[in-house]
Amino acid sequence: MSTKRTNDKESQTLVATSALNMSGASNARLLGAAVAGASELSLFHPVDTVAKRLMSTETKVVIVNSPASTALNLNQAIFKDACNKNFFSKAGSLFPGIGFGAVYKILQRVYKFGGQPVLKDKLTASYGAEVEHKFGRDNGRTLLSATAGSMIGIGEVFLLPLDALKVKAQTAPEQLKGRGVLDIFVKEGFGLYRGAGWTVARNAPGSFALFGGNTAAKTFMGVGEDGARATWTQDAIASSAGAVSSITVAQPLDVIKTRIQNRPFDSPESGMSIVKNLIKNEGAGGFFKGLTPKLLVVGPKLIFSFTVAQHTIAYFTTRFSQ
């Protein structure tokens with residue numbers, strides 16, 4: 001009997017089913033989020049580069065009734081100076097900013113996926129009973145999770161300098177050529193926080209939708225009922241719901257944020273000026289430029305990291321408790 005219980009425990013450790021809201025020890029949350037960030041970066045950095053370059057392209061890329069012109073525009077927008085080179089050169093051109101990307105992505109995921117559950121626990125302890133009484137248990141849990149995510153998303157602005165340098169390396173590497181990291185930070189200073197307001201405006205609803213959509217989907221699937229925990233498949237489905245909601249809601253502001261960040265350091269153009277020019281030159285559809293490829297290629301990236309974070313947090317929590 002003792003052997004059976006031991007085997008069952010080991011089996012649960014390997015499966016590492018996750019809880020409704022990434023509950024677990026603080027060290028497990030931080031380590032699990034770091035693993036998710038590193039895994040995401042290693043697999044999806046080229047995909048992120050493609051999405052950023054498409055969003056930074058201010059001319060029409062898709063030409064109706066002209067597949068050849070569309071293909072040519074895509075080739076130039078995605079591969080830039082390597083557009084006429086061989087396959088390996090083109091592939092290599094999708095890895096700029098990997099250093100900035102590594103620091104930014106791991107710190108971002110540790111902060112976001114490790115911090116949201118902590119803040120959610122704080123909100124639940126202070127306002128949980130009141131919110132659940134007013135909105136119902138399931139809606140209340142979802143609202144608290146979404147609100148904690150939104151607050152964490154706003155605080156994410158402190159990582160903006162690393163994000164800005166990553167975007168510049170991906171979309172306008174000539175602005176960084178011949179300059180060291182220390183030199184950039186010293187000379188540009190708070191200029192690296194350009195677009196902070198737009199970043200906050202993007203992150204608040206985007207993170208609200210990410211964590212709210214994830215919790216709502218898990219609740220719909222019965223996770224949390226009588227202690228029920230999510231399987232890998234359920235986590236992937238819930239992460240998909242959150243990711244698609246987040247990307248779609250944040251896309252218009254993400255386009256503005258990206259264009260602000262890829263401007264030269266001394267560019268005086270404001271966010272509102274970018275908005276006016278976008279509407280004038282590209283129409284309202286310009287706000288959603290890159291949405292489809294972003295859902296297809298960036299969506300899986302977010303789904304992957306969110307799913308990995310939830311399960312690795314559960315895994316490490318189980319390991320550390322033994």
# chains A, B, ... in the order shown; residues from 1 in each chain; ligands from 1
>>> residues_around(residues="A:Ser246", least_positions_apart="6", cutoff="7 Å", atoms="only C-alpha atoms", output="PyMOL selection string")
chain A and resi 206-207+209-210
>>> residues_around(residues="stretch 29-31 of chain A", least_positions_apart="6", cutoff="8 Å", atoms="only C-alpha atoms", output="JSON, numbers by chain")
{"A": [22, 110, 111, 113, 114, 313, 316, 317]}
>>> atom_distance(atom1="atom CA of A:Lys122", atom2="atom CA of A:Leu144")
9.9 Å
>>> select_by_dssp(residues="stretch 106-312 of chain A", states="alpha helix (DSSP H)", output="PyMOL selection string")
chain A and resi 106-135+137-155+160-171+181-188+196-220+232-261+271-282+291-293+299-312
>>> write_last_selection(atoms="C-alpha atoms", output="compact mmCIF listing (two decimals), in the first residue's frame")
# COMPACT_ATOMS: atom_id res chain seq x y z
CA ILE A 106 13.24 36.39 -19.10
CA LEU A 107 12.79 39.40 -16.82
CA GLN A 108 9.39 40.09 -18.36
CA ARG A 109 8.10 36.56 -17.90
CA VAL A 110 9.45 36.32 -14.34
CA TYR A 111 7.80 39.64 -13.48
CA LYS A 112 4.53 38.92 -15.30
CA PHE A 113 3.89 35.23 -14.71
CA GLY A 114 5.60 35.20 -11.32
CA GLY A 115 4.12 38.48 -10.09
CA GLN A 116 0.49 38.22 -11.21
CA PRO A 117 -0.36 35.27 -8.92
CA VAL A 118 1.18 37.11 -5.95
CA LEU A 119 -0.85 40.26 -6.63
CA LYS A 120 -3.95 38.17 -7.32
CA ASP A 121 -3.57 36.50 -3.90
CA LYS A 122 -3.28 39.95 -2.28
CA LEU A 123 -6.40 41.21 -4.03
CA THR A 124 -8.30 38.05 -3.13
CA ALA A 125 -7.35 38.37 0.54
CA SER A 126 -8.47 42.01 0.64
CA TYR A 127 -11.45 42.12 -1.72
CA GLY A 128 -12.22 38.51 -2.68
CA ALA A 129 -15.33 38.04 -0.55
CA GLU A 130 -16.81 41.37 -1.61
CA VAL A 131 -16.13 40.86 -5.33
CA GLU A 132 -17.47 37.29 -5.35
CA HIS A 133 -20.60 38.43 -3.46
CA LYS A 134 -21.24 41.16 -6.04
CA PHE A 135 -20.34 39.32 -9.26
CA ARG A 137 -17.89 33.20 -7.52
CA ASP A 138 -16.77 32.38 -11.07
CA ASN A 139 -17.05 35.92 -12.44
CA GLY A 140 -15.44 37.29 -9.29
CA ARG A 141 -12.42 35.01 -9.64
CA THR A 142 -12.04 35.94 -13.27
CA LEU A 143 -12.32 39.66 -12.52
CA LEU A 144 -9.72 39.49 -9.74
CA SER A 145 -7.32 37.55 -11.95
CA ALA A 146 -7.82 39.99 -14.84
CA THR A 147 -7.40 43.03 -12.58
CA ALA A 148 -4.18 41.65 -11.10
CA GLY A 149 -2.94 40.99 -14.64
CA SER A 150 -3.79 44.54 -15.73
CA MET A 151 -1.94 46.06 -12.77
CA ILE A 152 1.09 43.88 -13.45
CA GLY A 153 0.93 44.88 -17.12
CA ILE A 154 1.05 48.57 -16.19
CA GLY A 155 4.10 47.99 -13.99
CA LEU A 160 10.63 49.48 -21.57
CA PRO A 161 14.31 50.43 -22.25
CA LEU A 162 15.24 46.79 -22.88
CA ASP A 163 12.17 46.32 -25.04
CA ALA A 164 12.97 49.50 -26.99
CA LEU A 165 16.54 48.34 -27.70
CA LYS A 166 15.29 44.90 -28.74
CA VAL A 167 12.79 46.45 -31.16
CA LYS A 168 15.44 48.79 -32.61
CA ALA A 169 17.82 45.87 -33.12
CA GLN A 170 15.04 43.99 -34.92
CA THR A 171 13.68 46.81 -37.07
CA VAL A 181 24.97 49.24 -24.29
CA LEU A 182 26.40 51.48 -21.55
CA ASP A 183 26.90 54.32 -24.00
CA ILE A 184 23.27 54.05 -25.12
CA PHE A 185 21.89 54.07 -21.57
CA VAL A 186 24.10 57.01 -20.50
CA LYS A 187 23.43 59.20 -23.54
CA GLU A 188 19.78 58.41 -24.14
CA ALA A 196 5.77 54.80 -21.97
CA GLY A 197 2.23 56.18 -21.96
CA TRP A 198 1.29 54.18 -25.04
CA THR A 199 2.91 51.10 -23.53
CA VAL A 200 0.80 51.44 -20.38
CA ALA A 201 -2.32 51.99 -22.49
CA ARG A 202 -1.46 48.82 -24.45
CA ASN A 203 -0.48 46.64 -21.50
CA ALA A 204 -3.41 47.41 -19.21
CA PRO A 205 -6.19 45.98 -21.44
CA GLY A 206 -3.88 43.40 -23.00
CA SER A 207 -2.86 41.84 -19.69
CA PHE A 208 -6.44 42.15 -18.39
CA ALA A 209 -7.62 40.07 -21.36
CA LEU A 210 -4.71 37.59 -21.09
CA PHE A 211 -5.23 36.59 -17.48
CA GLY A 212 -8.98 37.13 -17.49
CA GLY A 213 -9.46 35.02 -20.61
CA ASN A 214 -7.24 32.29 -19.20
CA THR A 215 -9.12 32.12 -15.89
CA ALA A 216 -12.53 32.30 -17.58
CA ALA A 217 -11.65 29.40 -19.88
CA LYS A 218 -10.32 27.30 -17.01
CA THR A 219 -13.44 28.00 -14.98
CA PHE A 220 -15.62 27.03 -17.96
CA TRP A 232 -1.61 20.21 -20.19
CA THR A 233 -4.41 20.25 -22.78
CA GLN A 234 -6.70 22.39 -20.63
CA ASP A 235 -3.86 24.81 -19.90
CA ALA A 236 -3.11 25.08 -23.62
CA ILE A 237 -6.78 25.78 -24.40
CA ALA A 238 -7.05 28.35 -21.61
CA SER A 239 -3.80 30.00 -22.67
CA SER A 240 -5.11 30.17 -26.25
CA ALA A 241 -8.25 31.97 -25.11
CA GLY A 242 -6.22 34.46 -23.10
CA ALA A 243 -3.58 35.00 -25.80
CA VAL A 244 -6.02 35.59 -28.67
CA SER A 245 -8.04 38.02 -26.55
CA SER A 246 -4.92 39.86 -25.39
CA ILE A 247 -3.31 40.19 -28.83
CA THR A 248 -6.52 41.39 -30.49
CA VAL A 249 -7.37 43.95 -27.82
CA ALA A 250 -3.85 45.38 -27.66
CA GLN A 251 -3.03 45.36 -31.40
CA PRO A 252 -3.90 48.99 -32.32
CA LEU A 253 -1.81 50.39 -29.47
CA ASP A 254 0.95 47.84 -30.11
CA VAL A 255 1.35 49.20 -33.66
CA ILE A 256 1.78 52.74 -32.29
CA LYS A 257 4.18 51.57 -29.56
CA THR A 258 6.34 49.67 -32.05
CA ARG A 259 6.57 52.64 -34.42
CA ILE A 260 7.54 54.96 -31.59
CA GLN A 261 10.27 52.56 -30.52
CA GLY A 271 2.55 59.18 -30.67
CA MET A 272 -0.42 61.32 -31.73
CA SER A 273 1.47 62.40 -34.84
CA ILE A 274 2.05 58.75 -35.69
CA VAL A 275 -1.67 58.06 -35.21
CA LYS A 276 -2.65 60.93 -37.53
CA ASN A 277 -0.19 59.87 -40.23
CA LEU A 278 -1.27 56.26 -39.94
CA ILE A 279 -4.92 57.12 -40.47
CA LYS A 280 -4.04 59.48 -43.32
CA ASN A 281 -1.71 57.13 -45.20
CA GLU A 282 -2.99 53.67 -44.32
CA LEU A 291 -2.72 41.15 -36.63
CA THR A 292 -3.24 37.99 -38.66
CA PRO A 293 0.43 36.96 -38.79
CA GLY A 299 -0.06 33.79 -30.59
CA PRO A 300 1.57 30.35 -30.31
CA LYS A 301 4.58 31.99 -28.62
CA LEU A 302 2.41 33.46 -25.86
CA ILE A 303 0.33 30.29 -25.61
CA PHE A 304 3.51 28.22 -25.32
CA SER A 305 5.11 30.36 -22.59
CA PHE A 306 1.88 30.75 -20.61
CA THR A 307 1.22 27.01 -20.70
CA VAL A 308 4.82 26.18 -19.76
CA ALA A 309 4.77 28.75 -16.94
CA GLN A 310 1.60 27.33 -15.40
CA HIS A 311 2.87 23.76 -15.49
CA THR A 312 6.44 24.40 -14.45
>>> atom_distance(atom1="atom CA of A:Met55", atom2="atom CA of A:Lys177")
21.9 Å
>>> atom_distance(atom1="atom CA of A:Leu94", atom2="atom CA of A:Phe288")
22.3 Å
